[in-house]
>>> print(open('model-v7.cif').read())   # mmCIF, C-alpha atoms and all ligand atoms
data_upload
#
loop_
_atom_site.label_atom_id
_atom_site.label_comp_id
_atom_site.auth_asym_id
_atom_site.auth_seq_id
_atom_site.Cartn_x
_atom_site.Cartn_y
_atom_site.Cartn_z
CA MET A 1 23.22 -7.71 -18.67
CA THR A 2 21.31 -4.87 -20.33
CA PHE A 3 17.57 -5.16 -20.69
CA VAL A 4 15.81 -2.92 -23.21
CA VAL A 5 12.08 -2.26 -23.27
CA ASP A 6 11.48 -1.12 -26.86
CA ASP A 7 8.68 0.98 -28.28
CA VAL A 8 6.70 2.19 -25.25
CA ARG A 9 5.03 5.50 -24.46
CA LEU A 10 5.39 7.43 -21.20
CA ALA A 11 2.45 9.13 -19.47
CA HIS A 12 3.93 12.66 -19.61
CA ALA A 13 4.45 12.49 -23.42
CA PRO A 14 2.03 9.85 -24.73
CA GLY A 15 2.57 10.93 -28.36
CA GLU A 16 6.23 9.85 -28.38
CA ARG A 17 7.52 6.29 -28.61
CA VAL A 18 10.69 5.52 -26.70
CA SER A 19 12.95 2.68 -25.62
CA VAL A 20 14.04 2.27 -22.00
CA ALA A 21 17.38 0.61 -21.21
CA CYS A 22 17.96 -1.00 -17.80
CA GLU A 23 21.21 -2.16 -16.27
CA GLY A 24 22.14 -3.12 -12.73
CA GLY A 25 18.50 -2.79 -11.71
CA ARG A 26 18.26 0.84 -12.80
CA ILE A 27 17.13 2.80 -15.83
CA VAL A 28 20.29 3.88 -17.65
CA ALA A 29 18.88 5.43 -20.84
CA VAL A 30 15.62 6.61 -22.41
CA ALA A 31 15.80 7.31 -26.15
CA PRO A 32 13.46 7.55 -29.16
CA ALA A 33 12.26 4.08 -30.19
CA GLY A 34 14.43 2.49 -32.85
CA THR A 35 17.58 4.38 -31.84
CA MET A 36 18.73 2.24 -28.89
CA PRO A 37 21.52 -0.16 -29.97
CA ASP A 38 22.43 -3.38 -28.12
CA ALA A 39 24.87 -2.63 -25.30
CA GLY A 40 26.63 -5.97 -25.83
CA ALA A 41 26.11 -9.60 -26.74
CA ASP A 42 24.10 -10.24 -23.59
CA THR A 43 21.52 -7.49 -24.27
CA GLU A 44 17.93 -8.71 -23.99
CA ARG A 45 14.99 -6.84 -25.51
CA ILE A 46 11.22 -6.94 -25.44
CA ASP A 47 8.95 -5.21 -27.92
CA GLY A 48 6.43 -3.02 -26.10
CA ARG A 49 4.41 -2.52 -29.32
CA GLY A 50 3.41 0.98 -28.29
CA ALA A 51 2.12 0.06 -24.82
CA LEU A 52 1.94 2.69 -22.08
CA ALA A 53 4.74 2.18 -19.54
CA LEU A 54 3.88 3.06 -15.95
CA PRO A 55 6.32 2.92 -13.03
CA GLY A 56 5.99 -0.15 -10.78
CA LEU A 57 2.74 0.05 -8.81
CA ILE A 58 2.85 0.52 -5.03
CA ASP A 59 0.38 -1.10 -2.64
CA ALA A 60 0.76 1.22 0.34
CA HIS A 61 -1.67 -0.54 2.68
CA ALA A 62 -2.10 -4.29 2.70
CA HIS A 63 -2.61 -7.01 5.34
CA ILE A 64 -0.99 -9.96 3.63
CA ASP A 65 -0.49 -11.83 6.93
CA LYS A 66 -4.27 -12.23 7.22
CA THR A 67 -4.94 -13.55 3.72
CA LEU A 68 -6.69 -16.78 2.82
CA TYR A 69 -5.73 -16.22 -0.84
CA SER A 70 -5.40 -19.44 -2.87
CA GLY A 71 -7.04 -21.44 -0.07
CA ARG A 72 -10.59 -22.70 -0.09
CA TRP A 73 -13.44 -20.22 -0.24
CA VAL A 74 -14.39 -19.12 3.28
CA PRO A 75 -17.90 -17.61 3.55
CA ASN A 76 -17.85 -14.39 5.58
CA PRO A 77 -20.39 -14.25 8.43
CA GLY A 78 -21.01 -10.55 7.76
CA VAL A 79 -20.10 -9.28 11.24
CA GLY A 80 -20.81 -5.58 11.62
CA THR A 81 -18.48 -3.25 13.50
CA VAL A 82 -14.69 -2.97 13.43
CA SER A 83 -14.52 -4.25 17.02
CA GLU A 84 -16.69 -7.27 16.13
CA ARG A 85 -14.50 -8.07 13.12
CA ILE A 86 -11.37 -7.89 15.29
CA ALA A 87 -12.95 -10.35 17.76
CA HIS A 88 -14.11 -12.64 14.93
CA GLU A 89 -10.59 -12.81 13.51
CA ARG A 90 -9.07 -13.47 16.95
CA ARG A 91 -11.44 -16.44 17.42
CA GLU A 92 -11.00 -17.95 13.97
CA ARG A 93 -7.42 -17.31 12.78
CA GLU A 94 -5.86 -20.42 14.36
CA ARG A 95 -8.53 -22.66 12.85
CA PHE A 96 -7.68 -21.40 9.38
CA GLY A 97 -3.92 -21.73 9.90
CA LEU A 98 -3.20 -18.00 9.79
CA PRO A 99 -0.74 -16.50 9.19
CA SER A 100 0.03 -18.89 6.32
CA GLU A 101 3.27 -18.66 4.36
CA GLN A 102 1.56 -20.53 1.50
CA TYR A 103 -1.36 -18.10 1.20
CA ILE A 104 0.88 -15.05 1.59
CA SER A 105 3.23 -16.32 -1.14
CA ALA A 106 0.35 -16.99 -3.54
CA LEU A 107 -1.00 -13.50 -2.95
CA VAL A 108 2.41 -11.85 -3.37
CA GLU A 109 2.86 -13.66 -6.70
CA ARG A 110 -0.54 -12.36 -7.86
CA MET A 111 0.36 -8.82 -6.77
CA ILE A 112 3.65 -8.92 -8.71
CA ALA A 113 1.92 -10.27 -11.82
CA ASN A 114 -0.50 -7.33 -11.50
CA GLY A 115 2.43 -4.91 -11.62
CA THR A 116 3.07 -4.22 -7.93
CA THR A 117 6.75 -3.84 -7.11
CA ARG A 118 6.44 -2.46 -3.57
CA ILE A 119 4.10 -3.34 -0.70
CA ARG A 120 3.61 -1.83 2.75
CA THR A 121 1.78 -4.42 4.82
CA HIS A 122 0.37 -4.06 8.34
CA THR A 123 1.15 -7.26 10.24
CA ASP A 124 -0.81 -8.17 13.37
CA VAL A 125 1.21 -8.09 16.58
CA ASP A 126 -0.41 -9.08 19.87
CA PRO A 127 0.33 -11.40 22.81
CA GLY A 128 -1.61 -14.22 21.08
CA VAL A 129 0.24 -14.34 17.76
CA GLY A 130 3.35 -12.64 19.13
CA LEU A 131 5.83 -11.87 16.34
CA ARG A 132 4.88 -14.97 14.31
CA GLY A 133 3.16 -12.87 11.65
CA ILE A 134 6.17 -10.54 11.38
CA GLN A 135 8.51 -13.51 10.99
CA THR A 136 6.26 -15.27 8.47
CA VAL A 137 5.92 -12.17 6.28
CA ALA A 138 9.68 -11.54 6.61
CA ARG A 139 10.39 -15.03 5.21
CA VAL A 140 8.12 -14.37 2.22
CA ALA A 141 9.67 -10.92 1.72
CA GLU A 142 13.14 -12.46 1.69
CA ARG A 143 12.13 -15.11 -0.84
CA TYR A 144 10.63 -12.58 -3.29
CA ARG A 145 13.06 -9.74 -2.62
CA ASP A 146 14.38 -9.61 -6.20
CA LEU A 147 10.83 -9.20 -7.53
CA VAL A 148 9.12 -6.96 -4.97
CA THR A 149 10.00 -4.94 -1.88
CA ILE A 150 7.79 -5.80 1.09
CA GLU A 151 8.02 -3.52 4.12
CA GLN A 152 6.09 -4.24 7.30
CA VAL A 153 4.20 -2.17 9.83
CA ALA A 154 4.00 -3.77 13.30
CA PHE A 155 0.26 -3.40 13.74
CA PRO A 156 -1.59 -3.61 17.08
CA GLN A 157 -4.87 -4.77 15.51
CA GLY A 158 -6.34 -5.85 18.85
CA GLY A 159 -5.45 -2.61 20.66
CA LEU A 160 -2.25 -1.18 22.10
CA ILE A 161 -3.16 0.04 25.58
CA SER A 162 -6.15 -2.27 26.11
CA ASN A 163 -4.09 -5.33 25.18
CA PRO A 164 -1.19 -5.50 27.66
CA GLY A 165 2.10 -6.75 26.23
CA THR A 166 1.42 -5.39 22.73
CA LEU A 167 3.50 -2.23 23.11
CA GLU A 168 6.51 -4.31 24.19
CA LEU A 169 6.04 -6.54 21.12
CA LEU A 170 5.96 -3.47 18.86
CA GLU A 171 9.26 -2.38 20.34
CA GLU A 172 10.69 -5.87 19.78
CA ALA A 173 9.53 -5.77 16.16
CA VAL A 174 11.29 -2.45 15.64
CA ALA A 175 14.46 -3.91 17.19
CA LEU A 176 14.21 -6.73 14.62
CA GLY A 177 14.23 -4.14 11.83
CA VAL A 178 10.55 -3.44 11.18
CA PRO A 179 10.64 0.20 10.00
CA THR A 180 7.14 1.37 10.97
CA ILE A 181 4.69 0.94 13.84
CA GLY A 182 0.93 1.09 13.54
CA GLY A 183 -1.88 2.27 15.74
CA ILE A 184 -5.62 1.70 15.74
CA ASP A 185 -8.69 3.71 16.68
CA PRO A 186 -7.26 5.03 19.96
CA ALA A 187 -10.69 5.98 21.30
CA ILE A 188 -12.99 3.13 20.27
CA VAL A 189 -10.51 0.24 20.47
CA ASP A 190 -8.31 1.44 23.35
CA ARG A 191 -10.67 3.92 25.05
CA ALA A 192 -7.51 5.93 25.79
CA PRO A 193 -6.80 8.12 22.76
CA THR A 194 -4.02 10.34 24.09
CA VAL A 195 -2.38 7.43 25.93
CA GLN A 196 -2.12 5.36 22.72
CA LEU A 197 -0.85 8.30 20.66
CA ASP A 198 1.71 9.27 23.31
CA ALA A 199 2.99 5.69 23.45
CA LEU A 200 3.35 5.47 19.65
CA PHE A 201 5.10 8.82 19.28
CA ASP A 202 7.36 8.11 22.24
CA LEU A 203 8.43 4.80 20.67
CA ALA A 204 8.98 6.48 17.28
CA ALA A 205 11.01 9.30 18.84
CA ARG A 206 13.18 6.81 20.75
CA THR A 207 13.78 4.35 17.91
CA GLY A 208 13.51 6.39 14.71
CA CYS A 209 10.71 4.24 13.27
CA GLY A 210 7.82 5.71 11.28
CA ILE A 211 4.14 5.65 12.25
CA ASP A 212 1.10 4.60 10.16
CA ILE A 213 -2.13 4.73 12.20
CA HIS A 214 -5.43 3.06 11.26
CA LEU A 215 -8.15 5.63 11.96
CA HIS A 216 -11.68 4.41 11.25
CA GLU A 217 -13.05 6.93 13.73
CA ASP A 218 -14.97 9.63 11.93
CA GLY A 219 -16.96 12.79 12.59
CA SER A 220 -15.75 15.20 15.23
CA LEU A 221 -13.91 12.41 17.12
CA GLY A 222 -11.83 11.55 14.05
CA ALA A 223 -11.20 15.23 13.34
CA TRP A 224 -9.98 15.78 16.89
CA GLU A 225 -7.60 12.80 16.55
CA PHE A 226 -6.18 14.30 13.34
CA GLU A 227 -5.31 17.42 15.33
CA GLU A 228 -3.70 15.32 18.06
CA ILE A 229 -1.60 13.39 15.54
CA ALA A 230 -0.54 16.56 13.69
CA ALA A 231 0.49 18.24 16.95
CA ARG A 232 2.59 15.25 18.04
CA THR A 233 4.19 14.96 14.59
CA ILE A 234 5.35 18.58 14.82
CA ALA A 235 6.42 18.26 18.48
CA HIS A 236 8.59 15.20 17.76
CA GLY A 237 9.99 16.49 14.44
CA LEU A 238 8.50 13.54 12.55
CA ALA A 239 7.27 15.37 9.42
CA GLY A 240 7.28 12.97 6.49
CA ARG A 241 7.36 9.91 8.77
CA VAL A 242 3.71 9.76 9.85
CA ALA A 243 0.68 8.54 7.89
CA ILE A 244 -2.99 8.13 8.76
CA SER A 245 -4.60 5.16 7.05
CA HIS A 246 -8.30 5.09 6.15
CA ALA A 247 -8.64 8.54 7.72
CA PHE A 248 -12.44 8.66 7.76
CA GLY A 249 -12.31 11.82 9.90
CA ILE A 250 -11.06 13.85 6.91
CA ALA A 251 -14.54 13.60 5.42
CA HIS A 252 -16.09 15.62 8.29
CA PRO A 253 -17.28 18.70 6.34
CA PRO A 254 -17.12 21.41 9.05
CA THR A 255 -13.41 20.83 9.66
CA GLN A 256 -12.19 19.31 6.38
CA GLN A 257 -10.30 22.26 4.91
CA ARG A 258 -8.73 23.23 8.23
CA LEU A 259 -7.58 19.65 8.80
CA ILE A 260 -6.08 19.39 5.31
CA GLU A 261 -4.07 22.56 5.96
CA ARG A 262 -2.99 21.19 9.33
CA LEU A 263 -1.81 17.91 7.75
CA ALA A 264 0.17 19.85 5.14
CA GLU A 265 1.77 21.97 7.86
CA ALA A 266 2.63 18.92 10.00
CA GLY A 267 3.88 16.73 7.13
CA VAL A 268 1.33 13.97 7.76
CA ALA A 269 0.28 11.79 4.80
CA LEU A 270 -2.98 9.94 4.15
CA VAL A 271 -3.53 6.42 2.91
CA THR A 272 -6.86 5.15 1.60
CA ALA A 273 -8.22 1.87 0.34
CA ALA A 274 -11.46 3.38 -1.02
CA VAL A 275 -13.42 0.31 -0.03
CA TYR A 276 -17.13 -0.28 0.47
CA ASP A 277 -19.08 2.91 1.26
CA VAL A 278 -16.67 4.38 3.82
CA PRO A 279 -15.38 7.97 3.49
CA VAL A 280 -12.55 8.50 0.99
CA PRO A 281 -10.06 11.39 1.27
CA PRO A 282 -10.75 14.21 -1.23
CA LEU A 283 -8.19 13.83 -4.04
CA LEU A 284 -8.31 17.34 -5.46
CA ALA A 285 -8.28 19.23 -2.15
CA LEU A 286 -5.38 17.16 -0.80
CA ASP A 287 -3.39 17.72 -3.98
CA ALA A 288 -4.06 21.47 -3.88
CA ALA A 289 -2.71 21.60 -0.32
CA GLY A 290 0.28 19.36 -1.09
CA VAL A 291 -0.75 16.52 1.24
CA PRO A 292 0.54 13.24 -0.19
CA LEU A 293 -2.03 10.50 -0.70
CA ALA A 294 -1.32 6.82 -1.19
CA CYS A 295 -3.70 3.93 -1.72
CA GLY A 296 -3.63 0.26 -0.92
CA SER A 297 -5.66 -2.92 -1.11
CA ASP A 298 -6.34 -3.24 2.62
CA GLY A 299 -7.39 -6.84 3.40
CA ILE A 300 -7.51 -9.27 0.49
CA ARG A 301 -9.70 -12.38 0.80
CA ASP A 302 -9.46 -12.72 4.58
CA LEU A 303 -11.64 -13.09 7.68
CA TRP A 304 -12.57 -9.40 7.37
CA GLY A 305 -14.03 -9.62 3.88
CA PRO A 306 -14.28 -11.60 0.65
CA PHE A 307 -12.97 -8.98 -1.81
CA GLY A 308 -9.59 -8.05 -3.24
CA ASN A 309 -7.21 -9.20 -5.96
CA GLY A 310 -4.04 -7.15 -5.35
CA ASP A 311 -4.57 -5.07 -8.53
CA MET A 312 -3.39 -1.53 -7.79
CA LEU A 313 -4.60 -0.15 -11.12
CA GLN A 314 -8.07 -1.29 -10.16
CA ARG A 315 -7.56 0.25 -6.70
CA ALA A 316 -6.64 3.59 -8.33
CA MET A 317 -9.86 3.31 -10.33
CA HIS A 318 -11.81 2.87 -7.07
CA VAL A 319 -10.10 5.97 -5.61
CA ALA A 320 -11.12 7.97 -8.70
CA TYR A 321 -14.64 6.54 -8.81
CA ARG A 322 -15.31 7.10 -5.10
CA ASN A 323 -14.10 10.71 -5.57
CA SER A 324 -16.60 11.11 -8.44
CA VAL A 325 -13.86 12.42 -10.72
CA ARG A 326 -14.41 12.38 -14.47
CA THR A 327 -11.53 14.51 -15.74
CA ASP A 328 -8.14 13.26 -16.90
CA GLU A 329 -6.59 15.38 -14.15
CA GLY A 330 -8.64 13.55 -11.51
CA LEU A 331 -7.84 10.13 -12.96
CA GLU A 332 -4.12 10.98 -13.05
CA LEU A 333 -4.25 12.07 -9.40
CA ALA A 334 -5.82 8.73 -8.49
CA LEU A 335 -3.04 6.88 -10.34
CA ARG A 336 -0.51 8.95 -8.43
CA ALA A 337 -1.90 7.44 -5.20
CA ALA A 338 -0.69 4.04 -6.48
CA THR A 339 2.58 5.37 -7.95
CA SER A 340 4.56 8.56 -7.21
CA GLY A 341 2.27 9.76 -4.38
CA ALA A 342 2.62 6.40 -2.66
CA ALA A 343 6.39 6.54 -3.18
CA ARG A 344 6.40 9.88 -1.38
CA VAL A 345 4.31 8.56 1.51
CA LEU A 346 6.53 5.49 1.89
CA GLY A 347 9.77 7.44 1.40
CA VAL A 348 10.85 5.36 -1.61
CA PRO A 349 13.97 6.83 -3.22
CA ASP A 350 14.70 6.87 -6.99
CA TYR A 351 11.13 6.13 -8.01
CA GLY A 352 9.90 6.82 -11.55
CA LEU A 353 10.80 6.32 -15.18
CA GLU A 354 13.73 8.72 -15.46
CA VAL A 355 17.34 7.75 -15.92
CA GLY A 356 18.77 6.72 -12.54
CA CYS A 357 15.48 5.42 -11.14
CA VAL A 358 15.01 1.81 -10.06
CA ALA A 359 13.90 -0.06 -13.21
CA ASP A 360 10.37 -1.10 -12.23
CA LEU A 361 7.91 -0.80 -15.16
CA VAL A 362 4.41 -2.03 -15.97
CA LEU A 363 3.23 -2.15 -19.59
CA VAL A 364 -0.48 -1.74 -20.31
CA ASP A 365 -2.62 -1.28 -23.39
CA ALA A 366 -3.77 2.29 -22.87
CA ARG A 367 -3.05 5.56 -24.66
CA THR A 368 -2.84 7.74 -21.55
CA ALA A 369 -2.59 7.38 -17.78
CA ALA A 370 -6.22 8.50 -17.48
CA GLU A 371 -7.35 5.75 -19.84
CA ALA A 372 -5.35 3.19 -17.87
CA VAL A 373 -7.19 4.15 -14.65
CA ALA A 374 -10.61 4.26 -16.24
CA SER A 375 -10.29 1.02 -18.20
CA VAL A 376 -7.98 -1.09 -15.96
CA PRO A 377 -6.36 -2.98 -18.86
CA PRO A 378 -4.52 -6.29 -18.33
CA ARG A 379 -0.81 -6.05 -17.53
CA ARG A 380 1.08 -6.96 -20.70
CA ALA A 381 4.47 -7.10 -18.99
CA VAL A 382 6.02 -6.32 -15.61
CA VAL A 383 9.71 -5.43 -15.26
CA SER A 384 11.18 -5.46 -11.75
CA ARG A 385 14.73 -4.25 -11.03
CA GLY A 386 15.42 -4.34 -14.77
CA ARG A 387 14.25 -7.93 -15.21
CA LEU A 388 11.15 -9.24 -16.97
CA VAL A 389 9.15 -10.95 -14.22
CA ALA A 390 5.57 -11.27 -15.54
CA VAL A 391 3.94 -11.48 -18.98
CA ASP A 392 0.23 -11.23 -19.73
CA GLY A 393 -0.73 -11.45 -16.07
CA ALA A 394 1.39 -14.51 -15.26
CA LEU A 395 4.59 -14.62 -13.23
CA ILE A 396 7.52 -15.96 -15.29
CA ALA A 397 10.42 -15.27 -12.91
CA GLU A 398 11.52 -17.67 -10.19
CA ALA A 399 11.61 -16.20 -6.69
ZN ZN B 401 -5.91 -1.81 7.16
#
>>> encode(input="model-v7.cif", output="structure tokens", more="lines below")
Ligand SMILES: [Zn+2]
Amino acid sequence: MTFVVDDVRLAHAPGERVSVACEGGRIVAVAPAGTMPDAGADTERIDGRGALALPGLIDAHAHIDKTLYSGRWVPNPGVGTVSERIAHERRERERFGLPSEQYISALVERMIANGTTRIRTHTDVDPGVGLRGIQTVARVAERYRDLVTIEQVAFPQGGLISNPGTLELLEEAVALGVPTIGGIDPAIVDRAPTVQLDALFDLAARTGCGIDIHLHEDGSLGAWEFEEIAARTIAHGLAGRVAISHAFGIAHPPTQQRLIERLAEAGVALVTAAVYDVPVPPLLALDAAGVPLACGSDGIRDLWGPFGNGDMLQRAMHVAYRNSVRTDEGLELALRAATSGAARVLGVPDYGLEVGCVADLVLVDARTAAEAVASVPPRRAVVSRGRLVAVDGALIAEA
């Protein structure tokens, strides 16, 4: 079956109207609108009516195992520090039936309808929940695999060194096929920064998995940890396989430029959620140095916080807004964090709107990519693997 998206505009040439033909899940032709004939009797077409076509959006940092999405409203007690929120979640998650396949599925459907076709999600792994979260998310990923790709990070939310048994569970998760391991605040959570980092890099070097570390630690402590991560990435030959999520330490002014250069040299990527009033990586400086930046939702409607809707166009807007950018160039860079930049961070092959790429497209009412980020228009249509899966913000495809 050939699927043709007629009369859309692409961000690099917004003045031209084209048709995009998809077959076997890939883009097979891009031609001026009105010149693309049916490939056969089973050709299906939709009329894009001049909408802007973006590649499928990527949520590079989610925690879908934690979500309460679609469940009843749960007032947040407003607990303060990261450590207090971790403890709060540990106490309460069983009571709320987490991880819940029902809540995760509802959230994944919302994310797809919003135009997300790939998700990297950090799933809690600890001796309490064991690998139940990994298995629950894997079941949801399998069910929706024709609509969205969900890849997991085995995430030691409650600490790696300070929570005995967690490292062994991470290794088990990798043996089950989880491609990436996480870390968390090696100083404040584990009180053993080099021990945690050594354990993570040793596991990655032995198994070939990637690393994506949560670093909320900022100031000179965070900056020092950046150096430690960069050094280990180089020593283990893991360039392109290591990311630092949240990365508050990058905002430490005395060392910022030196750290950016170090990340570029080591091949370490950054991932931000641009939430609340926490530091956000500097878009323009990272781009100038060639450090890839991705963005993600972080937690959505969970025991950590009440916000989130799985809309990556809105998340790109937050990245732009928190960077105080006003130019089209800045807005386009922010969109890249939810599209091609995220694809680079996650190592997604064949990403984009050229012939040969996987046929994931989102149609929005905007004249340029910059306008799409600034105005966050509704998603008119979502095409995943060359199939129409959502229209006007509602899922139409069966999982
Ligand atoms: Zn996170």
>>> residues_near_ligand(input="model-v7.cif", ligand="ligand ZN 401 (chain B)", cutoff="8 Å", atoms="only C-alpha atoms and all ligand atoms", output="number ranges by chain")
A: 61-63, 122, 214, 245-246, 298-299
>>> residues_around(input="model-v7.cif", residues="A:Ala223", least_positions_apart="2", cutoff="12 Å", atoms="all atoms listed in the file", output="NGL selection string")
:A and (215-221 or 225-230 or 244 or 247-260 or 262-263)
>>> atom_distance(input="model-v7.cif", atom1="atom CA of A:Gly222", atom2="atom CA of A:Val271")
14.8 Å
>>> residues_near_point(input="model-v7.cif", point="(3.3, 13.8, -0.5)", cutoff="10 Å", atoms="all atoms listed in the file", output="list in words")
Gly240, Ala264, Gly267, Val268, Ala269, Leu270, Leu286, Asp287, Ala289, Gly290, Val291, Pro292, Leu293, Ala294, Ala337, Ser340, Gly341, Ala342, Ala343, Arg344, Val345, Leu346 and Gly347 of chain A
>>> closest_residue(input="model-v7.cif", among="A:Arg118, A:Asn163, A:Pro32, A:Glu92", to="A:Pro349", atoms="all atoms listed in the file")
A:Arg118
>>> atom_distance(input="model-v7.cif", atom1="atom CA of A:Val275", atom2="atom CA of A:Ala239")
27.3 Å
>>> closest_residue(input="model-v7.cif", among="A:Arg191, A:Arg387, A:His12, A:Arg241", to="A:Glu44", atoms="only C-alpha atoms")
A:Arg387
>>> atom_distance(input="model-v7.cif", atom1="atom CA of A:Pro179", atom2="atom CA of A:Cys209")
5.2 Å
>>> residues_near_point(input="model-v7.cif", point="(9.0, 9.9, 11.5)", cutoff="9 Å", atoms="all atoms listed in the file", output="list in words")
Thr180, Phe201, Ala204, Ala205, Gly208, Cys209, Gly210, Ile211, Thr233, His236, Gly237, Leu238, Ala239, Gly240, Arg241 and Val242 of chain A
>>> residues_around(input="model-v7.cif", residues="stretch 356-363 of chain A", least_positions_apart="5", cutoff="9 Å", atoms="only C-alpha atoms", output="PyMOL selection string")
chain A and resi 8+21-29+48+51-57+114-117+349-351+378-387
>>> closest_residue(input="model-v7.cif", among="A:Lys66, A:Tyr103, A:Glu142, A:Arg72", to="A:Val129", atoms="all atoms listed in the file")
A:Lys66
>>> closest_residue(input="model-v7.cif", among="A:Ala374, A:Gly34, A:Gly80, A:Arg206", to="A:Val325", atoms="only C-alpha atoms")
A:Ala374
>>> residues_around(input="model-v7.cif", residues="A:Val18", least_positions_apart="3", cutoff="7 Å", atoms="only C-alpha atoms", output="tab-separated table (two decimals) with C-alpha atoms, in the coordinates of the input")
chain	number	residue	atom	x	y	z
A	6	ASP	CA	11.48	-1.12	-26.86
A	7	ASP	CA	8.68	0.98	-28.28
A	8	VAL	CA	6.70	2.19	-25.25
A	9	ARG	CA	5.03	5.50	-24.46
A	30	VAL	CA	15.62	6.61	-22.41
A	31	ALA	CA	15.80	7.31	-26.15
A	32	PRO	CA	13.46	7.55	-29.16
A	33	ALA	CA	12.26	4.08	-30.19
>>> residues_around(input="model-v7.cif", residues="A:Gly183", least_positions_apart="6", cutoff="7 Å", atoms="all atoms listed in the file", output="JSON, numbers by chain")
{"A": [155, 156, 212, 213, 214]}
>>> closest_residue(input="model-v7.cif", among="A:Val137, A:Leu167, A:Ile396, A:Val348", to="A:Asp198", atoms="only C-alpha atoms")
A:Leu167
>>> closest_residue(input="model-v7.cif", among="A:Val391, A:Glu329, A:Trp304, A:Ala41", to="A:Val74", atoms="all atoms listed in the file")
A:Trp304
>>> decode(input="model-v7.cif", residues="stretch 190-206 of chain A", atoms="N, CA and C atoms", output="short mmCIF file (atom, residue, chain, number, x, y, z; two decimals), in the first residue's frame")
data_model
loop_
_atom_site.label_atom_id
_atom_site.label_comp_id
_atom_site.auth_asym_id
_atom_site.auth_seq_id
_atom_site.Cartn_x
_atom_site.Cartn_y
_atom_site.Cartn_z
N ASP A 190 23.99 9.23 46.11
CA ASP A 190 24.83 8.07 46.49
C ASP A 190 25.96 8.43 47.45
N ARG A 191 26.31 9.70 47.53
CA ARG A 191 27.44 10.15 48.37
C ARG A 191 28.73 9.42 47.98
N ALA A 192 28.80 8.99 46.73
CA ALA A 192 29.99 8.26 46.25
C ALA A 192 30.14 8.50 44.76
N PRO A 193 30.45 9.75 44.37
CA PRO A 193 30.36 10.11 42.95
C PRO A 193 31.23 9.26 42.03
N THR A 194 32.50 9.07 42.36
CA THR A 194 33.34 8.32 41.42
C THR A 194 32.99 6.84 41.44
N VAL A 195 32.49 6.34 42.58
CA VAL A 195 32.11 4.92 42.65
C VAL A 195 30.92 4.65 41.73
N GLN A 196 29.91 5.55 41.78
CA GLN A 196 28.74 5.35 40.89
C GLN A 196 29.15 5.43 39.42
N LEU A 197 29.93 6.47 39.09
CA LEU A 197 30.32 6.64 37.68
C LEU A 197 31.16 5.47 37.19
N ASP A 198 32.09 5.00 38.02
CA ASP A 198 32.90 3.84 37.63
C ASP A 198 32.02 2.62 37.38
N ALA A 199 31.04 2.42 38.25
CA ALA A 199 30.17 1.24 38.10
C ALA A 199 29.37 1.33 36.80
N LEU A 200 28.84 2.52 36.48
CA LEU A 200 28.05 2.68 35.26
C LEU A 200 28.91 2.46 34.01
N PHE A 201 30.08 3.09 34.00
CA PHE A 201 30.93 2.97 32.80
C PHE A 201 31.50 1.57 32.65
N ASP A 202 31.76 0.92 33.77
CA ASP A 202 32.23 -0.47 33.71
C ASP A 202 31.15 -1.36 33.09
N LEU A 203 29.90 -1.18 33.54
CA LEU A 203 28.80 -1.98 33.01
C LEU A 203 28.61 -1.70 31.51
N ALA A 204 28.69 -0.41 31.14
CA ALA A 204 28.53 -0.06 29.72
C ALA A 204 29.65 -0.66 28.88
N ALA A 205 30.87 -0.60 29.39
CA ALA A 205 32.01 -1.13 28.63
C ALA A 205 31.90 -2.65 28.47
N ARG A 206 31.36 -3.31 29.50
CA ARG A 206 31.25 -4.78 29.44
C ARG A 206 30.10 -5.24 28.55
#
